[in-house]
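So this one's final_16.cif, mmCIF, N, CA and C atoms:
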data_entry
#
loop_
_atom_site.label_atom_id
_atom_site.label_comp_id
_atom_site.auth_asym_id
_atom_site.auth_seq_id
_atom_site.Cartn_x
_atom_site.Cartn_y
_atom_site.Cartn_z
N MET F 19 85.72 69.06 -73.44
CA MET F 19 85.14 68.84 -72.14
C MET F 19 83.66 69.13 -72.14
N GLU F 20 83.22 70.08 -72.96
CA GLU F 20 81.79 70.43 -72.96
C GLU F 20 80.94 69.31 -73.53
N ASN F 21 81.48 68.57 -74.47
CA ASN F 21 80.70 67.53 -75.14
C ASN F 21 80.65 66.22 -74.33
N GLU F 22 81.49 66.12 -73.29
CA GLU F 22 81.51 64.89 -72.51
C GLU F 22 80.24 64.79 -71.66
N THR F 23 79.68 63.61 -71.64
CA THR F 23 78.52 63.39 -70.77
C THR F 23 78.98 62.67 -69.53
N LYS F 24 78.49 63.13 -68.41
CA LYS F 24 78.86 62.51 -67.15
C LYS F 24 77.91 61.36 -66.88
N ARG F 25 78.48 60.28 -66.45
CA ARG F 25 77.67 59.09 -66.21
C ARG F 25 77.10 59.07 -64.80
N GLY F 26 77.79 59.68 -63.85
CA GLY F 26 77.28 59.70 -62.49
C GLY F 26 77.23 58.30 -61.90
N LYS F 27 76.43 58.16 -60.88
CA LYS F 27 76.28 56.84 -60.26
C LYS F 27 75.37 55.99 -61.12
N GLN F 28 75.83 54.81 -61.39
CA GLN F 28 75.01 53.88 -62.17
C GLN F 28 74.90 52.58 -61.40
N LYS F 29 73.81 51.91 -61.63
CA LYS F 29 73.62 50.62 -61.00
C LYS F 29 74.53 49.60 -61.67
N ILE F 30 75.20 48.83 -60.85
CA ILE F 30 76.04 47.77 -61.37
C ILE F 30 75.30 46.45 -61.14
N GLU F 31 75.19 45.70 -62.18
CA GLU F 31 74.50 44.42 -62.05
C GLU F 31 75.37 43.46 -61.25
N LEU F 32 74.81 42.90 -60.20
CA LEU F 32 75.55 41.95 -59.38
C LEU F 32 75.38 40.55 -59.97
N LYS F 33 76.52 39.93 -60.19
CA LYS F 33 76.48 38.56 -60.69
C LYS F 33 77.69 37.82 -60.13
N LEU F 34 77.61 36.52 -60.14
CA LEU F 34 78.66 35.68 -59.62
C LEU F 34 79.91 35.81 -60.47
N ILE F 35 81.06 36.00 -59.80
CA ILE F 35 82.33 36.11 -60.52
C ILE F 35 82.84 34.69 -60.79
N GLU F 36 83.06 34.39 -62.04
CA GLU F 36 83.45 33.04 -62.43
C GLU F 36 84.94 32.78 -62.22
N CYS F 37 85.79 33.74 -62.50
CA CYS F 37 87.23 33.57 -62.41
C CYS F 37 87.66 33.51 -60.95
N GLU F 38 88.37 32.45 -60.56
CA GLU F 38 88.77 32.24 -59.17
C GLU F 38 89.65 33.36 -58.65
N LYS F 39 90.59 33.82 -59.46
CA LYS F 39 91.52 34.86 -59.02
C LYS F 39 90.76 36.18 -58.80
N ALA F 40 89.88 36.53 -59.72
CA ALA F 40 89.09 37.76 -59.59
C ALA F 40 88.14 37.65 -58.39
N TYR F 41 87.64 36.46 -58.18
CA TYR F 41 86.75 36.21 -57.05
C TYR F 41 87.47 36.44 -55.73
N ALA F 42 88.68 35.90 -55.59
CA ALA F 42 89.47 36.06 -54.37
C ALA F 42 89.84 37.51 -54.13
N ILE F 43 90.24 38.22 -55.17
CA ILE F 43 90.60 39.64 -55.05
C ILE F 43 89.38 40.45 -54.63
N SER F 44 88.26 40.21 -55.26
CA SER F 44 87.02 40.94 -54.92
C SER F 44 86.62 40.68 -53.48
N PHE F 45 86.74 39.42 -53.04
CA PHE F 45 86.40 39.08 -51.67
C PHE F 45 87.28 39.84 -50.69
N LEU F 46 88.59 39.86 -50.93
CA LEU F 46 89.51 40.56 -50.02
C LEU F 46 89.21 42.05 -49.95
N LYS F 47 88.92 42.66 -51.09
CA LYS F 47 88.61 44.09 -51.10
C LYS F 47 87.31 44.37 -50.35
N ARG F 48 86.32 43.58 -50.62
CA ARG F 48 85.03 43.80 -49.96
C ARG F 48 85.11 43.51 -48.46
N LYS F 49 85.90 42.51 -48.09
CA LYS F 49 86.09 42.19 -46.67
C LYS F 49 86.75 43.36 -45.95
N SER F 50 87.80 43.91 -46.53
CA SER F 50 88.48 45.03 -45.87
C SER F 50 87.56 46.25 -45.78
N THR F 51 86.77 46.49 -46.81
CA THR F 51 85.83 47.62 -46.79
C THR F 51 84.76 47.40 -45.71
N LEU F 52 84.26 46.18 -45.60
CA LEU F 52 83.26 45.87 -44.59
C LEU F 52 83.81 46.07 -43.19
N PHE F 53 85.03 45.61 -42.95
CA PHE F 53 85.65 45.78 -41.64
C PHE F 53 85.91 47.26 -41.35
N GLN F 54 86.29 48.04 -42.36
CA GLN F 54 86.49 49.49 -42.16
C GLN F 54 85.17 50.17 -41.79
N GLN F 55 84.09 49.78 -42.46
CA GLN F 55 82.79 50.37 -42.16
C GLN F 55 82.33 49.99 -40.75
N ALA F 56 82.61 48.76 -40.34
CA ALA F 56 82.27 48.33 -38.98
C ALA F 56 83.07 49.13 -37.96
N ASP F 57 84.34 49.40 -38.25
CA ASP F 57 85.17 50.20 -37.36
C ASP F 57 84.64 51.63 -37.26
N LYS F 58 84.23 52.20 -38.39
CA LYS F 58 83.64 53.56 -38.39
C LYS F 58 82.37 53.59 -37.52
N LEU F 59 81.54 52.58 -37.69
CA LEU F 59 80.30 52.52 -36.91
C LEU F 59 80.61 52.45 -35.42
N THR F 60 81.60 51.66 -35.06
CA THR F 60 82.00 51.55 -33.66
C THR F 60 82.50 52.88 -33.13
N THR F 61 83.34 53.55 -33.90
CA THR F 61 83.94 54.81 -33.46
C THR F 61 82.90 55.91 -33.33
N ARG F 62 82.03 56.01 -34.29
CA ARG F 62 81.07 57.12 -34.33
C ARG F 62 79.89 56.95 -33.38
N SER F 63 79.47 55.73 -33.15
CA SER F 63 78.26 55.55 -32.33
C SER F 63 78.52 54.85 -31.00
N ARG F 64 79.76 54.53 -30.71
CA ARG F 64 80.12 53.91 -29.43
C ARG F 64 79.30 52.65 -29.13
N VAL F 65 79.18 51.81 -30.11
CA VAL F 65 78.48 50.54 -29.93
C VAL F 65 79.44 49.40 -30.20
N ASP F 66 79.10 48.22 -29.68
CA ASP F 66 79.89 47.03 -29.98
C ASP F 66 79.43 46.47 -31.31
N VAL F 67 80.38 46.23 -32.19
CA VAL F 67 80.07 45.69 -33.51
C VAL F 67 80.91 44.43 -33.72
N GLY F 68 80.29 43.41 -34.23
CA GLY F 68 80.99 42.18 -34.55
C GLY F 68 80.59 41.69 -35.93
N VAL F 69 81.58 41.31 -36.74
CA VAL F 69 81.33 40.79 -38.08
C VAL F 69 82.06 39.47 -38.21
N VAL F 70 81.35 38.46 -38.68
CA VAL F 70 81.96 37.15 -38.91
C VAL F 70 81.74 36.80 -40.37
N LEU F 71 82.84 36.44 -41.05
CA LEU F 71 82.78 36.02 -42.45
C LEU F 71 83.45 34.67 -42.59
N PHE F 72 83.06 33.94 -43.60
CA PHE F 72 83.75 32.71 -43.95
C PHE F 72 84.29 32.87 -45.36
N THR F 73 85.58 32.65 -45.52
CA THR F 73 86.21 32.80 -46.83
C THR F 73 85.68 31.72 -47.76
N PRO F 74 85.93 31.88 -49.06
CA PRO F 74 85.48 30.84 -50.00
C PRO F 74 86.04 29.46 -49.67
N SER F 75 87.21 29.44 -49.02
CA SER F 75 87.79 28.13 -48.66
C SER F 75 87.24 27.61 -47.34
N GLY F 76 86.40 28.42 -46.65
CA GLY F 76 85.76 27.96 -45.43
C GLY F 76 86.41 28.44 -44.15
N LYS F 77 87.44 29.27 -44.25
CA LYS F 77 88.11 29.77 -43.04
C LYS F 77 87.34 30.97 -42.49
N PRO F 78 87.18 31.04 -41.16
CA PRO F 78 86.45 32.17 -40.59
C PRO F 78 87.34 33.41 -40.46
N CYS F 79 86.74 34.57 -40.72
CA CYS F 79 87.37 35.87 -40.49
C CYS F 79 86.42 36.65 -39.61
N SER F 80 86.97 37.40 -38.67
CA SER F 80 86.06 38.15 -37.81
C SER F 80 86.66 39.50 -37.47
N TYR F 81 85.76 40.44 -37.21
CA TYR F 81 86.13 41.75 -36.71
C TYR F 81 85.23 42.02 -35.52
N GLY F 82 85.81 42.51 -34.45
CA GLY F 82 85.02 42.86 -33.29
C GLY F 82 85.58 44.12 -32.66
N SER F 83 84.68 45.01 -32.22
CA SER F 83 85.15 46.23 -31.58
C SER F 83 85.83 45.90 -30.26
N THR F 84 85.35 44.87 -29.57
CA THR F 84 86.07 44.36 -28.40
C THR F 84 86.58 42.98 -28.81
N SER F 85 86.04 41.93 -28.31
CA SER F 85 86.38 40.61 -28.85
C SER F 85 85.09 40.01 -29.39
N ILE F 86 85.21 39.29 -30.45
CA ILE F 86 84.02 38.74 -31.10
C ILE F 86 83.31 37.76 -30.16
N GLU F 87 84.08 37.03 -29.34
CA GLU F 87 83.47 36.09 -28.40
C GLU F 87 82.63 36.83 -27.36
N GLU F 88 83.15 37.95 -26.88
CA GLU F 88 82.42 38.74 -25.89
C GLU F 88 81.12 39.31 -26.49
N ILE F 89 81.20 39.76 -27.73
CA ILE F 89 80.01 40.31 -28.40
C ILE F 89 78.96 39.22 -28.58
N ILE F 90 79.40 38.04 -28.98
CA ILE F 90 78.46 36.92 -29.17
C ILE F 90 77.83 36.52 -27.84
N ASP F 91 78.65 36.45 -26.79
CA ASP F 91 78.12 36.12 -25.46
C ASP F 91 77.08 37.14 -25.01
N ASN F 92 77.37 38.42 -25.20
CA ASN F 92 76.41 39.47 -24.83
C ASN F 92 75.13 39.35 -25.63
N PHE F 93 75.27 39.04 -26.92
CA PHE F 93 74.10 38.90 -27.79
C PHE F 93 73.18 37.80 -27.28
N PHE F 94 73.76 36.62 -26.99
CA PHE F 94 72.95 35.50 -26.53
C PHE F 94 72.38 35.76 -25.14
N LYS F 95 73.14 36.45 -24.29
CA LYS F 95 72.65 36.78 -22.95
C LYS F 95 71.41 37.67 -23.04
N VAL F 96 71.46 38.69 -23.90
CA VAL F 96 70.32 39.60 -24.06
C VAL F 96 69.15 38.86 -24.68
N LYS F 97 69.40 38.00 -25.67
CA LYS F 97 68.32 37.22 -26.29
C LYS F 97 67.63 36.33 -25.26
N LEU F 98 68.42 35.69 -24.39
CA LEU F 98 67.85 34.82 -23.37
C LEU F 98 66.99 35.62 -22.40
N GLU F 99 67.48 36.80 -21.99
CA GLU F 99 66.70 37.65 -21.09
C GLU F 99 65.40 38.09 -21.74
N ASP F 100 65.44 38.43 -23.04
CA ASP F 100 64.23 38.83 -23.76
C ASP F 100 63.22 37.69 -23.79
N ARG F 101 63.71 36.48 -24.06
CA ARG F 101 62.80 35.32 -24.11
C ARG F 101 62.14 35.09 -22.76
N GLN F 102 62.95 35.17 -21.70
CA GLN F 102 62.40 34.95 -20.36
C GLN F 102 61.39 36.02 -20.01
N HIS F 103 61.67 37.28 -20.39
CA HIS F 103 60.75 38.38 -20.12
C HIS F 103 59.44 38.19 -20.90
N ASP F 104 59.58 37.82 -22.19
CA ASP F 104 58.38 37.59 -23.01
C ASP F 104 57.55 36.44 -22.45
N TYR F 105 58.23 35.37 -22.01
CA TYR F 105 57.52 34.22 -21.46
C TYR F 105 56.76 34.63 -20.20
N ALA F 106 57.41 35.42 -19.34
CA ALA F 106 56.76 35.86 -18.10
C ALA F 106 55.54 36.73 -18.42
N GLU F 107 55.66 37.60 -19.42
CA GLU F 107 54.52 38.45 -19.80
C GLU F 107 53.37 37.62 -20.34
N ARG F 108 53.70 36.67 -21.22
CA ARG F 108 52.64 35.84 -21.80
C ARG F 108 51.96 35.01 -20.73
N LYS F 109 52.74 34.53 -19.77
CA LYS F 109 52.17 33.72 -18.70
C LYS F 109 51.20 34.53 -17.87
N SER F 110 51.60 35.76 -17.51
CA SER F 110 50.71 36.58 -16.69
C SER F 110 49.49 37.01 -17.50
N ASN F 111 49.67 37.31 -18.79
CA ASN F 111 48.53 37.68 -19.63
C ASN F 111 47.57 36.51 -19.78
N GLY F 112 48.11 35.30 -19.87
CA GLY F 112 47.26 34.11 -19.98
C GLY F 112 46.44 33.90 -18.73
N PHE F 113 47.05 34.09 -17.56
CA PHE F 113 46.31 33.93 -16.31
C PHE F 113 45.24 35.01 -16.17
N GLU F 114 45.57 36.23 -16.59
CA GLU F 114 44.57 37.31 -16.52
C GLU F 114 43.40 37.01 -17.44
N ALA F 115 43.67 36.50 -18.63
CA ALA F 115 42.59 36.15 -19.55
C ALA F 115 41.73 35.04 -18.98
N LEU F 116 42.38 34.07 -18.34
CA LEU F 116 41.62 32.98 -17.72
C LEU F 116 40.74 33.50 -16.59
N LYS F 117 41.26 34.41 -15.80
CA LYS F 117 40.46 35.01 -14.72
C LYS F 117 39.26 35.76 -15.29
N ASP F 118 39.49 36.50 -16.38
CA ASP F 118 38.39 37.25 -17.01
C ASP F 118 37.30 36.30 -17.51
N LEU F 119 37.72 35.21 -18.15
CA LEU F 119 36.74 34.23 -18.62
C LEU F 119 35.97 33.61 -17.47
N HIS F 120 36.66 33.34 -16.37
CA HIS F 120 36.00 32.78 -15.19
C HIS F 120 34.96 33.75 -14.64
N LYS F 121 35.31 35.04 -14.62
CA LYS F 121 34.35 36.05 -14.14
C LYS F 121 33.13 36.10 -15.04
N GLU F 122 33.35 36.07 -16.36
CA GLU F 122 32.23 36.09 -17.31
C GLU F 122 31.32 34.89 -17.09
N LEU F 123 31.93 33.74 -16.88
CA LEU F 123 31.14 32.53 -16.67
C LEU F 123 30.31 32.64 -15.39
N GLN F 124 30.88 33.20 -14.36
CA GLN F 124 30.14 33.40 -13.12
C GLN F 124 28.97 34.37 -13.33
N ILE F 125 29.20 35.41 -14.12
CA ILE F 125 28.12 36.37 -14.42
C ILE F 125 26.99 35.66 -15.15
N TRP F 126 27.32 34.79 -16.13
CA TRP F 126 26.29 34.07 -16.87
C TRP F 126 25.51 33.12 -15.95
N LYS F 127 26.22 32.47 -15.05
CA LYS F 127 25.53 31.57 -14.12
C LYS F 127 24.59 32.36 -13.22
N GLU F 128 25.02 33.52 -12.78
CA GLU F 128 24.16 34.38 -11.96
C GLU F 128 22.93 34.83 -12.73
N LYS F 129 23.11 35.18 -14.01
CA LYS F 129 21.97 35.57 -14.84
C LYS F 129 20.99 34.41 -14.98
N GLU F 130 21.53 33.21 -15.17
CA GLU F 130 20.67 32.03 -15.32
C GLU F 130 19.87 31.78 -14.04
N LYS F 131 20.52 31.92 -12.88
CA LYS F 131 19.80 31.74 -11.61
C LYS F 131 18.69 32.78 -11.46
N ASN F 132 19.01 34.01 -11.80
CA ASN F 132 18.00 35.07 -11.72
C ASN F 132 16.82 34.79 -12.65
N ARG F 133 17.10 34.31 -13.85
CA ARG F 133 16.04 34.00 -14.82
C ARG F 133 15.14 32.89 -14.26
N GLU F 134 15.77 31.84 -13.71
CA GLU F 134 14.99 30.73 -13.16
C GLU F 134 14.15 31.18 -11.97
N LEU F 135 14.73 32.01 -11.11
CA LEU F 135 14.01 32.52 -9.95
C LEU F 135 12.80 33.36 -10.38
N MET F 136 13.01 34.22 -11.37
CA MET F 136 11.91 35.06 -11.86
C MET F 136 10.81 34.19 -12.47
N TYR F 137 11.21 33.13 -13.20
CA TYR F 137 10.20 32.26 -13.82
C TYR F 137 9.40 31.53 -12.75
N LYS F 138 10.07 31.09 -11.67
CA LYS F 138 9.37 30.40 -10.58
C LYS F 138 8.37 31.33 -9.89
N ILE F 139 8.77 32.59 -9.76
CA ILE F 139 7.88 33.56 -9.14
C ILE F 139 6.68 33.84 -10.04
N MET F 140 6.94 34.02 -11.34
CA MET F 140 5.89 34.36 -12.28
C MET F 140 4.98 33.17 -12.59
N HIS F 141 5.55 31.96 -12.67
CA HIS F 141 4.79 30.76 -13.02
C HIS F 141 5.06 29.68 -11.99
N PRO F 142 4.44 29.77 -10.82
CA PRO F 142 4.71 28.76 -9.78
C PRO F 142 4.18 27.40 -10.19
N GLY F 143 5.01 26.37 -9.91
CA GLY F 143 4.59 24.99 -10.16
C GLY F 143 4.82 24.52 -11.58
N SER F 144 5.18 25.38 -12.49
CA SER F 144 5.41 24.92 -13.87
C SER F 144 6.92 24.70 -14.10
N GLU F 145 7.19 23.89 -15.12
CA GLU F 145 8.57 23.56 -15.43
C GLU F 145 9.25 24.74 -16.13
N ILE F 146 10.52 24.99 -15.80
CA ILE F 146 11.26 26.13 -16.37
C ILE F 146 11.79 25.73 -17.75
N PRO F 147 11.36 26.46 -18.81
CA PRO F 147 11.86 26.14 -20.15
C PRO F 147 13.31 26.61 -20.32
N PRO F 148 14.09 25.88 -21.07
CA PRO F 148 15.47 26.32 -21.28
C PRO F 148 15.52 27.54 -22.20
N ASP F 149 16.45 28.42 -21.93
CA ASP F 149 16.64 29.61 -22.77
C ASP F 149 17.75 29.27 -23.77
N LYS F 150 17.33 28.99 -25.00
CA LYS F 150 18.27 28.53 -26.03
C LYS F 150 19.38 29.55 -26.28
N HIS F 151 19.00 30.83 -26.35
CA HIS F 151 19.97 31.88 -26.62
C HIS F 151 21.03 31.96 -25.52
N MET F 152 20.57 31.90 -24.27
CA MET F 152 21.49 31.99 -23.15
C MET F 152 22.39 30.75 -23.08
N GLU F 153 21.84 29.59 -23.41
CA GLU F 153 22.63 28.36 -23.40
C GLU F 153 23.73 28.41 -24.46
N ASP F 154 23.39 28.93 -25.64
CA ASP F 154 24.39 29.04 -26.71
C ASP F 154 25.53 29.98 -26.31
N GLN F 155 25.18 31.11 -25.71
CA GLN F 155 26.20 32.07 -25.28
C GLN F 155 27.08 31.47 -24.18
N LYS F 156 26.48 30.74 -23.28
CA LYS F 156 27.23 30.12 -22.19
C LYS F 156 28.17 29.04 -22.74
N LEU F 157 27.69 28.27 -23.71
CA LEU F 157 28.52 27.24 -24.33
C LEU F 157 29.71 27.86 -25.06
N ALA F 158 29.46 28.94 -25.80
CA ALA F 158 30.53 29.63 -26.51
C ALA F 158 31.57 30.18 -25.53
N LEU F 159 31.11 30.70 -24.41
CA LEU F 159 32.01 31.21 -23.39
C LEU F 159 32.84 30.10 -22.79
N MET F 160 32.23 28.95 -22.54
CA MET F 160 32.96 27.84 -21.96
C MET F 160 33.97 27.26 -22.95
N LEU F 161 33.65 27.29 -24.23
CA LEU F 161 34.57 26.81 -25.24
C LEU F 161 35.80 27.71 -25.39
N ARG F 162 35.60 29.00 -25.14
CA ARG F 162 36.74 29.92 -25.19
C ARG F 162 37.73 29.58 -24.11
#

Write out the structure in this file as structure tokens.
Amino acid sequence: MENETKRGKQKIELKLIECEKAYAISFLKRKSTLFQQADKLTTRSRVDVGVVLFTPSGKPCSYGSTSIEEIIDNFFKVKLEDRQHDYAERKSNGFEALKDLHKELQIWKEKEKNRELMYKIMHPGSEIPPDKHMEDQKLALMLR
């Protein structure tokens, strides 16, 4: 016993099982283990759990803490509510952003009026030169 080496947990290489009989047996064992783990999760955490599998022949297998149909319906109901909530948030955020841009544009127009008024006061009778820097900023704001 002293000379024996313990192997402990070792990684098992996962590969496709070629033999049909071994494949079917492995599937059944893993399916039952998966359903047992789902049942444990349901019992310990008081949550609804649903598992849907398709056998190698294409037949569906399912486990549900209540009924799998009810779990699926609840899932899609919550997803739909989340989408509607997200859409409503994005819509309101979009309108707020548009309002902010509109306010900025009004501020720029007010600055431009003030600049023109000051130029008329300082240089009466002369033509007002365009402010290239202010025009570029206003254009960028309008493009946003």

Spatial neighbours of segment 85-96 of chain F, max dist 7 Å, only N, CA and C atoms, sep filter under 2 positions, as a VMD selection string: chain F and resid 66 to 69 80 to 83 98 to 101

Spatial neighbours of Ile146 of chain F, 7 Å, only N, CA and C atoms, chain gap at least 2 places, as JSON, numbers by chain: {"F": [134, 137, 138, 144, 148, 149]}

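Every residue of segment 46-147 of chain F with a DSSP assignment of strand (DSSP E or B), taken from the backbone, is listed as Gly68, Val69, Val70, Leu71, Phe72, Pro78, Cys79, Ser80, Tyr81 and Gly82 of chain F.
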
All helix (DSSP H, G or I) positions in segment 19-81 of chain F, as a PyMOL selection string: chain F and resi 38-63

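Separating atom N of Glu36 of chain F from atom CA of Ala56 of chain F is a distance of 27.0 Å.
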